[in-house]
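Text of input.txt (compact mmCIF, C-alpha atoms) as supplied:
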```
# COMPACT_ATOMS: atom_id res chain seq x y z
CA MET A 1 -116.20 1.73 -3.94
CA LYS A 2 -114.61 3.42 -7.00
CA LYS A 3 -117.37 6.05 -6.99
CA LEU A 4 -116.85 6.58 -3.29
CA PHE A 5 -113.10 7.07 -3.80
CA ALA A 6 -113.78 9.51 -6.65
CA ALA A 7 -116.04 11.54 -4.37
CA PHE A 8 -113.37 11.61 -1.67
CA ALA A 9 -110.73 12.66 -4.24
CA ALA A 10 -112.98 15.54 -5.33
CA SER A 11 -113.17 16.72 -1.72
CA VAL A 12 -109.38 16.66 -1.49
CA LEU A 13 -109.11 18.92 -4.52
CA ALA A 14 -111.55 21.28 -2.84
CA ILE A 15 -109.21 21.59 0.13
CA SER A 16 -106.39 22.66 -2.15
CA ALA A 17 -108.41 25.61 -3.42
CA ALA A 18 -109.17 26.70 0.12
CA VAL A 19 -105.53 26.36 1.13
CA ALA A 20 -104.37 28.43 -1.84
CA GLN A 21 -106.47 31.33 -0.57
CA THR A 22 -104.93 31.29 2.90
CA MET A 23 -101.23 30.55 2.29
CA PRO A 24 -99.01 32.35 -0.27
CA VAL A 25 -97.22 29.80 -2.46
CA PRO A 26 -93.46 29.97 -2.95
CA THR A 27 -91.81 31.16 -6.13
CA ILE A 28 -90.26 28.13 -7.82
CA ALA A 29 -87.91 28.55 -10.79
CA ALA A 30 -89.46 25.84 -12.97
CA ARG A 31 -91.86 25.55 -15.91
CA SER A 32 -94.32 23.59 -13.80
CA TRP A 33 -94.34 22.09 -10.33
CA LEU A 34 -96.54 20.39 -7.75
CA LEU A 35 -96.34 19.50 -4.07
CA LEU A 36 -98.33 16.47 -2.91
CA ASP A 37 -98.94 15.36 0.65
CA ALA A 38 -98.91 11.60 0.07
CA THR A 39 -100.19 10.96 3.60
CA SER A 40 -103.52 12.68 2.97
CA GLY A 41 -103.49 12.38 -0.84
CA GLN A 42 -103.84 16.15 -1.07
CA VAL A 43 -102.19 18.52 -3.52
CA ILE A 44 -100.93 21.36 -1.34
CA ALA A 45 -99.88 23.73 -4.12
CA SER A 46 -98.93 23.72 -7.79
CA GLN A 47 -98.12 25.81 -10.83
CA ASP A 48 -99.26 24.68 -14.29
CA PRO A 49 -99.64 21.08 -13.06
CA HIS A 50 -101.34 19.95 -16.27
CA ALA A 51 -98.81 21.52 -18.67
CA ARG A 52 -97.49 18.85 -21.04
CA ILE A 53 -93.77 18.21 -20.67
CA GLU A 54 -91.23 15.68 -21.89
CA PRO A 55 -90.60 13.47 -18.84
CA ALA A 56 -87.08 12.40 -19.87
CA SER A 57 -85.67 9.87 -17.36
CA LEU A 58 -88.66 10.35 -15.07
CA SER A 59 -90.22 7.78 -17.46
CA LYS A 60 -88.04 5.21 -15.70
CA ILE A 61 -90.32 5.43 -12.65
CA MET A 62 -93.03 3.76 -14.73
CA THR A 63 -90.49 1.28 -16.08
CA ALA A 64 -89.64 0.40 -12.49
CA TYR A 65 -93.33 0.13 -11.52
CA VAL A 66 -94.14 -2.30 -14.33
CA THR A 67 -91.06 -4.36 -13.45
CA PHE A 68 -91.99 -4.42 -9.74
CA ASN A 69 -95.42 -5.66 -10.72
CA ALA A 70 -93.92 -8.45 -12.84
CA ILE A 71 -91.80 -9.53 -9.87
CA ARG A 72 -94.83 -9.53 -7.56
CA GLU A 73 -96.73 -11.67 -10.09
CA LYS A 74 -93.73 -14.04 -10.16
CA LYS A 75 -93.10 -13.48 -13.86
CA LEU A 76 -89.61 -12.35 -12.90
CA ALA A 77 -87.30 -12.85 -9.90
CA LEU A 78 -84.71 -10.53 -8.38
CA ASP A 79 -81.95 -13.14 -8.64
CA GLN A 80 -82.92 -14.13 -12.18
CA LYS A 81 -80.14 -13.67 -14.76
CA VAL A 82 -81.10 -11.76 -17.90
CA ASN A 83 -79.28 -11.98 -21.22
CA VAL A 84 -78.27 -8.56 -22.52
CA SER A 85 -79.33 -7.86 -26.10
CA VAL A 86 -77.28 -5.87 -28.56
CA ARG A 87 -80.16 -3.38 -28.65
CA ALA A 88 -79.87 -2.76 -24.92
CA TRP A 89 -76.09 -2.57 -25.13
CA LYS A 90 -76.15 -0.08 -28.03
CA VAL A 91 -78.75 2.31 -26.62
CA ASP A 92 -77.70 5.94 -27.20
CA ALA A 93 -73.97 5.95 -26.37
CA SER A 94 -74.05 9.57 -25.20
CA SER A 95 -76.78 8.91 -22.63
CA SER A 96 -76.61 7.60 -19.06
CA LYS A 97 -75.75 3.89 -18.86
CA MET A 98 -74.91 1.20 -16.31
CA PHE A 99 -72.54 -0.45 -18.85
CA ILE A 100 -74.05 -3.91 -19.22
CA ASP A 101 -72.46 -6.24 -21.79
CA PRO A 102 -74.01 -8.82 -24.15
CA ALA A 103 -71.29 -11.27 -23.06
CA THR A 104 -72.39 -11.17 -19.41
CA PRO A 105 -75.89 -12.00 -18.15
CA VAL A 106 -77.03 -9.61 -15.41
CA SER A 107 -79.43 -10.10 -12.50
CA VAL A 108 -82.78 -8.31 -12.35
CA ASP A 109 -81.72 -6.86 -8.99
CA ASP A 110 -78.59 -5.30 -10.54
CA LEU A 111 -80.68 -3.97 -13.44
CA LEU A 112 -83.10 -2.31 -11.03
CA HIS A 113 -80.21 -0.63 -9.22
CA GLY A 114 -78.77 0.37 -12.59
CA LEU A 115 -82.14 1.82 -13.56
CA MET A 116 -83.04 3.65 -10.34
CA VAL A 117 -79.62 4.66 -8.98
CA GLN A 118 -77.53 5.09 -12.13
CA SER A 119 -80.46 6.00 -14.43
CA GLY A 120 -79.15 3.54 -17.00
CA ASN A 121 -80.97 3.63 -20.32
CA ASP A 122 -79.41 0.28 -21.16
CA ALA A 123 -80.88 -1.14 -17.93
CA ALA A 124 -84.32 0.18 -18.95
CA VAL A 125 -84.20 -1.67 -22.28
CA ALA A 126 -82.88 -4.87 -20.70
CA LEU A 127 -85.68 -4.85 -18.11
CA ALA A 128 -88.29 -4.13 -20.78
CA GLU A 129 -87.12 -7.12 -22.78
CA ALA A 130 -87.00 -9.33 -19.68
CA VAL A 131 -90.57 -8.44 -18.69
CA ALA A 132 -92.34 -8.32 -22.04
CA GLY A 133 -90.02 -9.77 -24.70
CA ASP A 134 -89.39 -6.51 -26.52
CA GLU A 135 -89.65 -2.76 -26.00
CA GLY A 136 -92.89 -2.35 -27.93
CA ALA A 137 -94.78 -4.85 -25.78
CA PHE A 138 -93.35 -3.30 -22.62
CA VAL A 139 -94.36 0.22 -23.67
CA PHE A 140 -97.90 -1.12 -24.13
CA LEU A 141 -97.81 -2.28 -20.49
CA MET A 142 -96.51 1.13 -19.39
CA ASN A 143 -99.37 2.96 -21.07
CA LYS A 144 -101.95 0.46 -19.86
CA GLN A 145 -100.73 1.00 -16.29
CA ALA A 146 -100.82 4.77 -16.75
CA GLN A 147 -104.49 4.52 -17.77
CA ARG A 148 -105.28 2.41 -14.71
CA MET A 149 -103.68 5.01 -12.45
CA GLY A 150 -105.66 7.84 -13.98
CA MET A 151 -102.67 9.48 -15.66
CA LYS A 152 -104.94 11.04 -18.28
CA ASN A 153 -102.37 13.37 -19.85
CA SER A 154 -99.44 10.98 -20.18
CA ARG A 155 -98.05 8.69 -22.81
CA PHE A 156 -94.83 6.69 -22.89
CA GLY A 157 -92.98 5.95 -26.13
CA ASN A 158 -90.05 4.00 -24.67
CA PRO A 159 -88.86 2.61 -21.32
CA HIS A 160 -85.96 5.06 -20.80
CA GLY A 161 -87.33 8.52 -21.63
CA LEU A 162 -84.98 9.46 -24.45
CA PRO A 163 -86.62 12.04 -26.76
CA SER A 164 -89.69 10.75 -28.63
CA PRO A 165 -92.89 12.46 -29.83
CA ASP A 166 -94.78 9.74 -27.93
CA ASN A 167 -93.19 10.71 -24.60
CA PHE A 168 -95.18 13.25 -22.62
CA SER A 169 -96.61 13.74 -19.14
CA THR A 170 -97.50 16.39 -16.56
CA ALA A 171 -96.50 17.28 -13.01
CA HIS A 172 -99.94 16.13 -11.85
CA ASP A 173 -99.67 12.72 -13.54
CA LEU A 174 -96.11 12.16 -12.37
CA SER A 175 -97.16 12.86 -8.78
CA ILE A 176 -99.77 10.10 -9.10
CA LEU A 177 -97.12 7.69 -10.40
CA ALA A 178 -94.61 8.59 -7.67
CA ALA A 179 -97.19 8.11 -4.91
CA ARG A 180 -98.26 4.74 -6.32
CA VAL A 181 -94.70 3.42 -6.39
CA ILE A 182 -94.24 4.28 -2.71
CA LEU A 183 -97.67 2.96 -1.71
CA ASP A 184 -97.71 -0.23 -3.79
CA PHE A 185 -94.05 -1.27 -3.65
CA PRO A 186 -92.37 0.02 -0.46
CA GLU A 187 -90.01 -2.97 -0.46
CA PHE A 188 -88.58 -1.89 -3.85
CA TYR A 189 -88.87 1.87 -3.38
CA LYS A 190 -86.00 1.69 -0.86
CA ILE A 191 -83.61 1.20 -3.81
CA ASP A 192 -84.18 4.90 -4.54
CA SER A 193 -82.30 5.82 -1.38
CA VAL A 194 -79.09 4.03 -2.43
CA LYS A 195 -76.47 6.77 -2.92
CA SER A 196 -74.21 4.94 -5.34
CA PHE A 197 -74.00 1.65 -7.20
CA THR A 198 -71.12 -0.25 -8.76
CA TYR A 199 -71.50 -2.47 -11.80
CA ASN A 200 -68.84 -3.68 -14.23
CA LYS A 201 -66.26 -2.09 -11.90
CA ILE A 202 -67.79 1.32 -12.55
CA THR A 203 -69.24 3.24 -9.59
CA GLN A 204 -71.83 5.91 -10.28
CA PRO A 205 -73.61 8.19 -7.77
CA ASN A 206 -77.33 8.64 -7.50
CA ARG A 207 -78.25 11.85 -9.35
CA ASN A 208 -80.67 12.84 -6.58
CA ARG A 209 -78.41 15.27 -4.68
CA LEU A 210 -81.00 15.68 -1.92
CA LEU A 211 -80.03 12.25 -0.58
CA TRP A 212 -76.85 13.92 0.70
CA LEU A 213 -78.37 17.28 1.64
CA ASP A 214 -81.55 16.22 3.46
CA PRO A 215 -81.62 13.05 5.60
CA THR A 216 -85.42 12.91 5.40
CA VAL A 217 -85.35 12.51 1.59
CA ASP A 218 -85.44 8.83 0.55
CA GLY A 219 -86.07 8.98 -3.27
CA MET A 220 -87.21 9.47 -6.21
CA LYS A 221 -85.69 10.33 -9.60
CA THR A 222 -84.12 13.00 -11.79
CA GLY A 223 -84.37 13.55 -15.53
CA HIS A 224 -82.84 15.73 -18.20
CA THR A 225 -82.97 16.29 -21.93
CA GLU A 226 -82.35 19.47 -23.89
CA ALA A 227 -86.07 19.91 -24.61
CA ALA A 228 -87.27 18.96 -21.12
CA GLY A 229 -84.67 20.86 -19.14
CA TYR A 230 -83.80 19.52 -15.69
CA GLY A 231 -86.57 17.78 -13.79
CA MET A 232 -86.80 16.08 -10.42
CA ILE A 233 -89.26 14.17 -8.28
CA ALA A 234 -88.25 14.02 -4.63
CA SER A 235 -89.92 12.47 -1.61
CA ALA A 236 -89.29 13.08 2.08
CA LYS A 237 -90.79 11.72 5.27
CA ARG A 238 -90.86 13.70 8.52
CA PRO A 239 -92.82 13.32 11.79
CA SER A 240 -95.95 15.44 12.20
CA GLY A 241 -97.66 14.97 15.55
CA ASN A 242 -98.64 11.30 15.79
CA LEU A 243 -98.10 10.78 12.05
CA GLN A 244 -95.14 10.13 9.80
CA ARG A 245 -95.90 12.61 7.04
CA ARG A 246 -94.66 12.13 3.47
CA LEU A 247 -94.42 14.88 0.85
CA ILE A 248 -93.66 14.40 -2.84
CA SER A 249 -92.36 17.34 -4.89
CA VAL A 250 -92.40 17.41 -8.70
CA VAL A 251 -90.25 20.13 -10.25
CA LEU A 252 -90.03 20.24 -14.05
CA GLY A 253 -88.18 22.32 -16.61
CA THR A 254 -85.48 24.02 -14.54
CA ASN A 255 -82.26 25.33 -16.08
CA SER A 256 -79.70 23.21 -14.21
CA ASP A 257 -79.04 20.29 -11.90
CA GLN A 258 -78.32 22.74 -9.09
CA THR A 259 -81.59 24.61 -9.65
CA ARG A 260 -83.78 21.51 -9.65
CA THR A 261 -82.14 20.38 -6.41
CA GLN A 262 -82.46 23.80 -4.78
CA GLU A 263 -86.09 24.31 -5.83
CA SER A 264 -87.12 20.80 -4.79
CA GLN A 265 -85.62 21.36 -1.35
CA LYS A 266 -87.35 24.74 -1.08
CA LEU A 267 -90.72 23.21 -1.97
CA LEU A 268 -90.40 20.32 0.49
CA ASN A 269 -89.29 22.62 3.33
CA TRP A 270 -92.15 25.02 2.64
CA GLY A 271 -94.68 22.20 2.78
CA PHE A 272 -93.37 20.74 6.02
CA GLN A 273 -92.91 24.09 7.75
CA ASN A 274 -96.25 25.67 6.88
CA PHE A 275 -98.70 22.76 6.83
CA GLU A 276 -99.70 19.87 9.03
CA THR A 277 -101.62 16.67 8.34
CA VAL A 278 -104.24 15.65 10.88
CA LYS A 279 -106.39 12.56 11.20
CA LEU A 280 -110.02 13.63 11.58
CA TYR A 281 -111.74 10.25 11.62
CA ALA A 282 -110.73 6.59 11.49
CA LYS A 283 -112.01 4.09 8.97
CA GLY A 284 -115.21 2.53 10.34
CA GLN A 285 -115.57 5.08 13.15
CA ALA A 286 -119.25 5.84 13.76
CA ILE A 287 -119.89 9.58 13.89
CA GLN A 288 -123.65 9.14 14.37
CA THR A 289 -126.27 6.36 14.68
CA PRO A 290 -129.41 7.81 13.09
CA GLU A 291 -132.85 6.20 12.77
CA VAL A 292 -133.61 3.94 9.81
CA TRP A 293 -137.12 3.47 8.43
CA LYS A 294 -138.56 0.20 7.03
CA GLY A 295 -135.38 -1.66 8.03
CA SER A 296 -134.42 -4.87 9.78
CA ALA A 297 -132.70 -2.63 12.35
CA GLY A 298 -133.94 0.62 13.81
CA THR A 299 -130.65 2.50 13.50
CA VAL A 300 -127.52 2.49 11.36
CA LYS A 301 -123.93 3.47 12.14
CA ILE A 302 -122.59 6.07 9.70
CA GLY A 303 -119.05 7.29 9.12
CA PHE A 304 -116.25 6.88 6.58
CA ALA A 305 -115.02 4.00 4.46
CA ASN A 306 -111.39 5.14 4.83
CA ASP A 307 -109.30 7.06 7.34
CA VAL A 308 -109.90 10.77 6.87
CA LEU A 309 -106.63 12.70 6.87
CA VAL A 310 -106.38 16.29 5.76
CA THR A 311 -103.53 18.72 5.26
CA VAL A 312 -104.13 22.30 6.37
CA PRO A 313 -102.05 25.38 7.18
CA LYS A 314 -100.64 25.18 10.70
CA GLY A 315 -103.03 26.66 13.23
CA VAL A 316 -106.15 25.86 11.21
CA ALA A 317 -106.83 22.33 12.51
CA GLY A 318 -108.04 23.54 15.92
CA LYS A 319 -110.57 25.86 14.28
CA MET A 320 -112.30 23.22 12.15
CA LYS A 321 -115.95 22.52 13.00
CA PRO A 322 -117.90 19.60 11.47
CA VAL A 323 -121.39 20.09 9.99
CA LEU A 324 -123.23 16.88 9.05
CA GLU A 325 -125.94 16.93 6.41
CA ARG A 326 -127.87 13.62 6.21
CA LYS A 327 -130.13 12.34 3.45
CA ASP A 328 -133.09 12.00 5.79
CA PRO A 329 -135.23 10.03 6.02
CA LEU A 330 -132.91 7.02 5.74
CA VAL A 331 -135.04 4.23 4.29
CA ALA A 332 -133.92 0.59 4.09
CA PRO A 333 -132.50 -1.30 2.38
CA LEU A 334 -129.13 0.39 2.88
CA ALA A 335 -126.05 -1.17 1.30
CA LEU A 336 -122.70 -1.19 3.07
CA ASN A 337 -120.73 1.96 2.11
CA SER A 338 -123.75 3.56 0.44
CA LYS A 339 -123.67 7.35 0.72
CA VAL A 340 -126.06 8.66 3.37
CA GLY A 341 -124.88 12.21 3.74
CA THR A 342 -122.09 14.78 3.63
CA LEU A 343 -119.80 16.14 6.30
CA LYS A 344 -118.56 19.68 5.79
CA MET A 345 -115.59 21.00 7.75
CA MET A 346 -115.97 24.70 8.41
CA VAL A 347 -113.36 27.26 9.48
CA ASP A 348 -114.53 30.72 10.55
CA GLY A 349 -117.82 30.15 8.74
CA LYS A 350 -116.15 29.10 5.48
CA GLN A 351 -116.21 25.58 4.05
CA LEU A 352 -112.76 24.01 4.00
CA LEU A 353 -113.68 20.58 2.67
CA GLU A 354 -116.58 18.26 2.00
CA LEU A 355 -116.53 14.50 2.65
CA PRO A 356 -118.99 11.70 1.74
CA VAL A 357 -120.54 9.97 4.76
CA VAL A 358 -121.51 6.31 4.27
CA ALA A 359 -123.42 3.51 5.97
CA LEU A 360 -120.96 1.42 7.98
CA GLU A 361 -123.28 -1.58 8.02
CA GLU A 362 -125.81 -3.18 5.72
CA ILE A 363 -129.46 -2.77 6.75
CA GLY A 364 -131.91 -5.10 5.08
CA PRO A 365 -135.67 -4.52 4.66
CA ALA A 366 -138.07 -5.08 7.54
CA THR A 367 -140.93 -7.57 7.40
CA ILE A 368 -144.02 -6.64 5.42
CA PHE A 369 -145.72 -5.56 8.64
CA GLY A 370 -142.70 -3.51 9.71
CA ARG A 371 -142.57 -1.73 6.37
CA ALA A 372 -146.31 -1.01 6.50
CA TRP A 373 -146.05 0.39 10.04
CA ASP A 374 -143.11 2.65 9.14
CA SER A 375 -144.96 3.82 6.01
CA MET A 376 -147.78 4.99 8.25
CA ARG A 377 -145.33 6.66 10.64
CA LEU A 378 -143.60 8.44 7.78
CA TRP A 379 -146.93 9.64 6.40
CA VAL A 380 -147.86 11.08 9.77
CA LYS A 381 -144.40 12.62 10.19
```

Re-express the file's structure as structure tokens.
Amino acid sequence: MKKLFAAFAASVLAISAAVAQTMPVPTIAARSWLLLDATSGQVIASQDPHARIEPASLSKIMTAYVTFNAIREKKLALDQKVNVSVRAWKVDASSSKMFIDPATPVSVDDLLHGLMVQSGNDAAVALAEAVAGDEGAFVFLMNKQAQRMGMKNSRFGNPHGLPSPDNFSTAHDLSILAARVILDFPEFYKIDSVKSFTYNKITQPNRNRLLWLDPTVDGMKTGHTEAAGYGMIASAKRPSGNLQRRLISVVLGTNSDQTRTQESQKLLNWGFQNFETVKLYAKGQAIQTPEVWKGSAGTVKIGFANDVLVTVPKGVAGKMKPVLERKDPLVAPLALNSKVGTLKMMVDGKQLLELPVVALEEIGPATIFGRAWDSMRLWVK
């Protein structure tokens, strides 16, 4: 299944190249940026997506992910009270904080709001200690999770994102992380949409200004250090035909809070206005039922192991024509989800994307007599 997913991911990247040739990309005032359609899993456009940057407070998205996972595994509970260490309390006084106090235990739920809404570095340390005992052990979990996600060009040196030579990532890797948070933990992701949070009698607004400017934006996170500049990951969900389409923008290294907000909005609007996501095939939908040789059944249903959704420039979807190339002859045994061919989607004679076609059912071997008979038939054929 992992190989199958990798093949599908490769086809998605191929679409991006085709799209880039047909639709001029916007000019974004940032060091690097990327726009991901999270509905199809497709990168629509990007600029220097693999350039190494300091993620700053965008690191807190991974801190949140690891904490969400600990809650799901019942190692932590939202209403659980956490003792605040002096280390958490004393984290860089000039940085963003939620103002927790060693004299007052704080709930995990409040810490998550302090982390995601207020961008509290003290909340990040307190959560790290609650999950793993100390920062070092928690950072190990962060990097282990990054490896599992395929964030090949990222490393985390602390849970808050304050400057460290061990803190680096890319727009591409951060888009993977953002999409996984939304996909894996929708019940916790909704905290990102909270516009302000009060703790210790101090109310602080969410630094994501798009929450006020665009009602379709429901998260993610901002970050800033002198070296990193101003960065922002934003996500919006808007209807597209029969689908609810979600885009994730990653804008890194801008020169101000205003610029990162403006450029993120520009990128999201461009993606929604100029592209559409369409569902080509459903998971398990048979697109053909070809003949099988030497099998316990004479035919096999073939199709896709997952829903096939693609993002294309508006007006292109109606021009797509499928071309199926099978690995004939299909000889049993055939395993479930084994690749049996390739489907190419063509537009005006040019290939737009390529998708792996799989067996939707397992076909065992025929009897010895059946195999012998089909061997003769194949020889004649």

Inset, instruction - Can you work out the spacing between atom CA of A:Val323 and atom CA of A:Asp307 in Å, to one decimal? - result: 18.0 Å

Contact residues around A:Ala286 with only C-alpha atoms at 9 Å, ignoring same-chain residues under 2 positions, as a PDB file with C-alpha atoms, in the frame of the given file:
```pdb
ATOM      1  CA  TYR A 281    -111.740  10.250  11.620  1.00  0.00           C
ATOM      2  CA  ALA A 282    -110.730   6.590  11.490  1.00  0.00           C
ATOM      3  CA  LYS A 283    -112.010   4.090   8.970  1.00  0.00           C
ATOM      4  CA  GLY A 284    -115.210   2.530  10.340  1.00  0.00           C
ATOM      5  CA  GLN A 288    -123.650   9.140  14.370  1.00  0.00           C
ATOM      6  CA  THR A 289    -126.270   6.360  14.680  1.00  0.00           C
ATOM      7  CA  LYS A 301    -123.930   3.470  12.140  1.00  0.00           C
ATOM      8  CA  ILE A 302    -122.590   6.070   9.700  1.00  0.00           C
ATOM      9  CA  GLY A 303    -119.050   7.290   9.120  1.00  0.00           C
ATOM     10  CA  PHE A 304    -116.250   6.880   6.580  1.00  0.00           C
ATOM     11  CA  LEU A 360    -120.960   1.420   7.980  1.00  0.00           C
TER      12      LEU A 360
END
```

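Interatomic distance, atom CA of A:Asn206 to atom CA of A:Val194: 7.1 Å.
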
Inset, instruction - Figure out the distance between atom CA of A:Ile202 and atom CA of A:Asn83, please, to one decimal in Å. - result: 19.6 Å

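Comparing A:Val86, A:Val91, A:Ser296, A:Trp270 by their smallest distance to A:Ala103, the closest is A:Val86 (using all atoms listed in the file).
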
Any chance you could export stretch 274-292 of chain A with N, CA and C atoms, as a PDB file, in the first residue's frame?
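Final file, selection_4.pdb:
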```pdb
ATOM      1  N   ASN A 274      -8.768  30.435  -9.825  1.00  0.00           N
ATOM      2  CA  ASN A 274      -8.247  29.956 -11.101  1.00  0.00           C
ATOM      3  C   ASN A 274      -8.221  28.440 -11.264  1.00  0.00           C
ATOM      4  N   PHE A 275      -8.481  27.706 -10.189  1.00  0.00           N
ATOM      5  CA  PHE A 275      -8.409  26.249 -10.251  1.00  0.00           C
ATOM      6  C   PHE A 275      -9.666  25.629  -9.659  1.00  0.00           C
ATOM      7  N   GLU A 276      -9.918  24.407 -10.054  1.00  0.00           N
ATOM      8  CA  GLU A 276     -11.005  23.635  -9.467  1.00  0.00           C
ATOM      9  C   GLU A 276     -10.521  22.218  -9.197  1.00  0.00           C
ATOM     10  N   THR A 277     -11.126  21.584  -8.202  1.00  0.00           N
ATOM     11  CA  THR A 277     -10.799  20.203  -7.871  1.00  0.00           C
ATOM     12  C   THR A 277     -11.979  19.331  -8.259  1.00  0.00           C
ATOM     13  N   VAL A 278     -11.707  18.289  -9.025  1.00  0.00           N
ATOM     14  CA  VAL A 278     -12.770  17.408  -9.499  1.00  0.00           C
ATOM     15  C   VAL A 278     -12.468  15.974  -9.085  1.00  0.00           C
ATOM     16  N   LYS A 279     -13.533  15.241  -8.831  1.00  0.00           N
ATOM     17  CA  LYS A 279     -13.400  13.827  -8.487  1.00  0.00           C
ATOM     18  C   LYS A 279     -13.558  13.011  -9.762  1.00  0.00           C
ATOM     19  N   LEU A 280     -12.489  12.339 -10.176  1.00  0.00           N
ATOM     20  CA  LEU A 280     -12.520  11.562 -11.412  1.00  0.00           C
ATOM     21  C   LEU A 280     -13.093  10.171 -11.194  1.00  0.00           C
ATOM     22  N   TYR A 281     -12.644   9.518 -10.117  1.00  0.00           N
ATOM     23  CA  TYR A 281     -13.088   8.155  -9.840  1.00  0.00           C
ATOM     24  C   TYR A 281     -13.195   7.968  -8.326  1.00  0.00           C
ATOM     25  N   ALA A 282     -14.098   7.087  -7.921  1.00  0.00           N
ATOM     26  CA  ALA A 282     -14.264   6.767  -6.510  1.00  0.00           C
ATOM     27  C   ALA A 282     -13.416   5.551  -6.142  1.00  0.00           C
ATOM     28  N   LYS A 283     -13.046   5.481  -4.891  1.00  0.00           N
ATOM     29  CA  LYS A 283     -12.326   4.320  -4.384  1.00  0.00           C
ATOM     30  C   LYS A 283     -13.156   3.062  -4.631  1.00  0.00           C
ATOM     31  N   GLY A 284     -12.535   2.048  -5.241  1.00  0.00           N
ATOM     32  CA  GLY A 284     -13.225   0.786  -5.481  1.00  0.00           C
ATOM     33  C   GLY A 284     -14.097   0.770  -6.719  1.00  0.00           C
ATOM     34  N   GLN A 285     -14.184   1.882  -7.451  1.00  0.00           N
ATOM     35  CA  GLN A 285     -15.005   1.941  -8.658  1.00  0.00           C
ATOM     36  C   GLN A 285     -14.313   1.184  -9.789  1.00  0.00           C
ATOM     37  N   ALA A 286     -14.987   0.215 -10.371  1.00  0.00           N
ATOM     38  CA  ALA A 286     -14.414  -0.567 -11.466  1.00  0.00           C
ATOM     39  C   ALA A 286     -14.473   0.229 -12.759  1.00  0.00           C
ATOM     40  N   ILE A 287     -13.328   0.451 -13.386  1.00  0.00           N
ATOM     41  CA  ILE A 287     -13.307   1.169 -14.658  1.00  0.00           C
ATOM     42  C   ILE A 287     -13.271   0.193 -15.838  1.00  0.00           C
ATOM     43  N   GLN A 288     -12.873  -1.052 -15.564  1.00  0.00           N
ATOM     44  CA  GLN A 288     -12.920  -2.119 -16.560  1.00  0.00           C
ATOM     45  C   GLN A 288     -12.973  -3.463 -15.845  1.00  0.00           C
ATOM     46  N   THR A 289     -13.359  -4.520 -16.575  1.00  0.00           N
ATOM     47  CA  THR A 289     -13.337  -5.887 -16.035  1.00  0.00           C
ATOM     48  C   THR A 289     -12.681  -6.785 -17.078  1.00  0.00           C
ATOM     49  N   PRO A 290     -11.357  -6.723 -17.192  1.00  0.00           N
ATOM     50  CA  PRO A 290     -10.651  -7.472 -18.228  1.00  0.00           C
ATOM     51  C   PRO A 290     -10.524  -8.972 -17.907  1.00  0.00           C
ATOM     52  N   GLU A 291     -10.117  -9.728 -18.917  1.00  0.00           N
ATOM     53  CA  GLU A 291      -9.946 -11.173 -18.778  1.00  0.00           C
ATOM     54  C   GLU A 291      -8.698 -11.488 -17.962  1.00  0.00           C
ATOM     55  N   VAL A 292      -8.787 -12.547 -17.153  1.00  0.00           N
ATOM     56  CA  VAL A 292      -7.655 -13.041 -16.379  1.00  0.00           C
ATOM     57  C   VAL A 292      -7.339 -14.464 -16.847  1.00  0.00           C
TER      58      VAL A 292
END
```
